[in-house]
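Here's the structure, in structure tokens; my notes come after.
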Amino acid sequence: MLITRASEYAILSLIVLSKASAPMDSETLSRELSIPKSFLAKILQALAKKEILKSFKGVHGGFSLALLPKDISMLEVMSAVEGKAPAVFECAPSREDCPSNRANICSIWPFLNKLQGKIDLFLAELTLADILE
């Protein structure tokens with residue numbers, strides 16, 4: 001599940017918005033990126049709700065970055081649009097949260113948990129500025 005279509009579209013939108021000289025509306029972004037407008041609008045609203053984007057109303061309204069690219073982590077972006085932290089596997093983050101109550105006997109859980117921790121750290125440190133380079 002790590003990078004869903006929503007996460008991909010969010011990152012692509014942020015790249016375009018980082019290069020824009022003025023706020024862009026969802027219709028313009030939708031056309032430029034060939035993304036369905038209704039789906040993109042939900043993504044942009046989620047990013048604005050988490051204060052990654054600023055939303056402007058009116059004739060010249062639209063969206064712009066609320067933060068500098070160096071201050072926008074990919075973990076924040078993906079969590080904002082997914083509604084939860086991105087996960088590589090549908091495995092519980094702790095043994096106590098395991099839906100099957102079998103984490104104590106699961107031989108692969110420690111590996112998956114360690115891998116998820118490394119991915120979380122990587123995404124927390126990876127910023128929009130890094131992607132723009």
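Following the order of the structure tokens, first chain is A, next is B, and so on, with residues numbered from 1 inside each chain and ligands from 1 in the order they appear.
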(request) Can you list, as number ranges by chain, all residues belonging to region 15-90 of chain A that DSSP tags as strand (DSSP E)? (result) A: 53-56, 62-65
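For Arg5 (chain A), the list of residues within 12 Å, based on only C-alpha atoms and with local chain neighbours fewer than 4 positions off taken out, reads A:Met1, A:Tyr9, A:Ala10, A:Ile11, A:Leu12, A:Ile35, A:Pro36, A:Phe39, A:Leu40, A:Ile43, A:Met78, A:Val81, A:Glu82.
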Export of prior selection with N, CA, C and O atoms as a PDB file, in the first residue's frame:
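Saved to selection23.pdb:
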```
ATOM      1  N   MET A   1       0.803  -1.192   0.000  1.00  0.00           N
ATOM      2  CA  MET A   1       0.000   0.000   0.000  1.00  0.00           C
ATOM      3  C   MET A   1       0.850   1.261   0.000  1.00  0.00           C
ATOM      4  O   MET A   1       0.330   2.322  -0.244  1.00  0.00           O
ATOM      5  N   TYR A   9      -0.460  11.309  -6.703  1.00  0.00           N
ATOM      6  CA  TYR A   9      -1.064  12.546  -7.193  1.00  0.00           C
ATOM      7  C   TYR A   9      -0.747  13.719  -6.267  1.00  0.00           C
ATOM      8  O   TYR A   9      -0.551  14.841  -6.734  1.00  0.00           O
ATOM      9  N   ALA A  10      -0.704  13.466  -4.964  1.00  0.00           N
ATOM     10  CA  ALA A  10      -0.362  14.528  -4.018  1.00  0.00           C
ATOM     11  C   ALA A  10       1.056  15.028  -4.276  1.00  0.00           C
ATOM     12  O   ALA A  10       1.293  16.242  -4.340  1.00  0.00           O
ATOM     13  N   ILE A  11       1.986  14.122  -4.448  1.00  0.00           N
ATOM     14  CA  ILE A  11       3.383  14.499  -4.684  1.00  0.00           C
ATOM     15  C   ILE A  11       3.525  15.236  -6.018  1.00  0.00           C
ATOM     16  O   ILE A  11       4.193  16.273  -6.101  1.00  0.00           O
ATOM     17  N   LEU A  12       2.872  14.731  -7.059  1.00  0.00           N
ATOM     18  CA  LEU A  12       2.927  15.409  -8.358  1.00  0.00           C
ATOM     19  C   LEU A  12       2.350  16.821  -8.264  1.00  0.00           C
ATOM     20  O   LEU A  12       2.904  17.765  -8.829  1.00  0.00           O
ATOM     21  N   ILE A  35      -5.261  14.237 -14.087  1.00  0.00           N
ATOM     22  CA  ILE A  35      -5.814  13.587 -12.900  1.00  0.00           C
ATOM     23  C   ILE A  35      -7.293  13.955 -12.826  1.00  0.00           C
ATOM     24  O   ILE A  35      -7.637  15.122 -13.032  1.00  0.00           O
ATOM     25  N   PRO A  36      -8.175  12.991 -12.541  1.00  0.00           N
ATOM     26  CA  PRO A  36      -9.596  13.340 -12.403  1.00  0.00           C
ATOM     27  C   PRO A  36      -9.795  14.467 -11.378  1.00  0.00           C
ATOM     28  O   PRO A  36      -9.275  14.404 -10.262  1.00  0.00           O
ATOM     29  N   PHE A  39     -11.207  13.696  -7.779  1.00  0.00           N
ATOM     30  CA  PHE A  39     -10.238  12.978  -6.942  1.00  0.00           C
ATOM     31  C   PHE A  39      -9.137  13.937  -6.486  1.00  0.00           C
ATOM     32  O   PHE A  39      -8.764  13.966  -5.310  1.00  0.00           O
ATOM     33  N   LEU A  40      -8.642  14.750  -7.406  1.00  0.00           N
ATOM     34  CA  LEU A  40      -7.597  15.711  -7.069  1.00  0.00           C
ATOM     35  C   LEU A  40      -8.088  16.732  -6.051  1.00  0.00           C
ATOM     36  O   LEU A  40      -7.354  17.093  -5.130  1.00  0.00           O
ATOM     37  N   ILE A  43      -7.804  15.382  -2.624  1.00  0.00           N
ATOM     38  CA  ILE A  43      -6.395  15.319  -2.218  1.00  0.00           C
ATOM     39  C   ILE A  43      -5.912  16.703  -1.789  1.00  0.00           C
ATOM     40  O   ILE A  43      -5.275  16.859  -0.736  1.00  0.00           O
ATOM     41  N   MET A  78       1.953  11.845   2.651  1.00  0.00           N
ATOM     42  CA  MET A  78       1.279  10.565   2.467  1.00  0.00           C
ATOM     43  C   MET A  78       0.275  10.302   3.583  1.00  0.00           C
ATOM     44  O   MET A  78      -0.830   9.813   3.326  1.00  0.00           O
ATOM     45  N   VAL A  81      -2.997  12.455   2.924  1.00  0.00           N
ATOM     46  CA  VAL A  81      -3.923  12.010   1.880  1.00  0.00           C
ATOM     47  C   VAL A  81      -4.474  10.616   2.120  1.00  0.00           C
ATOM     48  O   VAL A  81      -5.552  10.289   1.643  1.00  0.00           O
ATOM     49  N   GLU A  82      -3.757   9.800   2.873  1.00  0.00           N
ATOM     50  CA  GLU A  82      -4.226   8.437   3.149  1.00  0.00           C
ATOM     51  C   GLU A  82      -5.091   8.379   4.411  1.00  0.00           C
ATOM     52  O   GLU A  82      -5.810   7.414   4.625  1.00  0.00           O
TER      53      GLU A  82
END
```
Per residue of region 34-103 of chain A within 12 Å of region 110-131 of chain A, what are the shortest atom pair and its distance in Å to one decimal, counting only C-alpha atoms, with rows by chain and residue number, as CSV?
```
residue,atom,partner,partner_atom,distance
A:Ile52,CA,A:Leu128,CA,11.0
A:Leu65,CA,A:Leu128,CA,10.7
A:Leu67,CA,A:Leu128,CA,10.1
A:Leu68,CA,A:Ala129,CA,8.2
A:Pro69,CA,A:Ala129,CA,4.7
A:Lys70,CA,A:Ala129,CA,4.8
A:Asp71,CA,A:Thr127,CA,6.7
A:Ile72,CA,A:Thr127,CA,5.3
A:Ser73,CA,A:Thr127,CA,4.3
A:Met74,CA,A:Leu123,CA,5.2
A:Leu75,CA,A:Leu123,CA,4.8
A:Glu76,CA,A:Ala124,CA,7.3
A:Val77,CA,A:Leu128,CA,9.4
A:Met78,CA,A:Leu123,CA,8.9
A:Ser79,CA,A:Leu123,CA,10.4
A:Ala85,CA,A:Asp120,CA,8.4
A:Pro86,CA,A:Asp120,CA,8.0
A:Ala87,CA,A:Gln116,CA,6.9
A:Val88,CA,A:Gln116,CA,6.6
A:Phe89,CA,A:Leu112,CA,7.6
A:Glu90,CA,A:Leu112,CA,9.8
A:Cys91,CA,A:Leu112,CA,7.6
A:Ala92,CA,A:Asn113,CA,8.2
A:Pro93,CA,A:Asn113,CA,6.5
A:Ser94,CA,A:Asn113,CA,7.9
A:Arg95,CA,A:Pro110,CA,9.3
A:Cys98,CA,A:Asn113,CA,11.7
A:Ala103,CA,A:Pro110,CA,8.9
```
(request) Go through A:Ile108, A:Leu53, A:Ala41, A:Ala6 one by one, measure the shortest atom-to-atom distance of each to Ser18 (chain A) using only C-alpha atoms, and give the residue with the smallest value. (result)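 Between A:Ile108, A:Leu53, A:Ala41, A:Ala6, the residue approaching Ser18 (chain A) most closely is A:Leu53.
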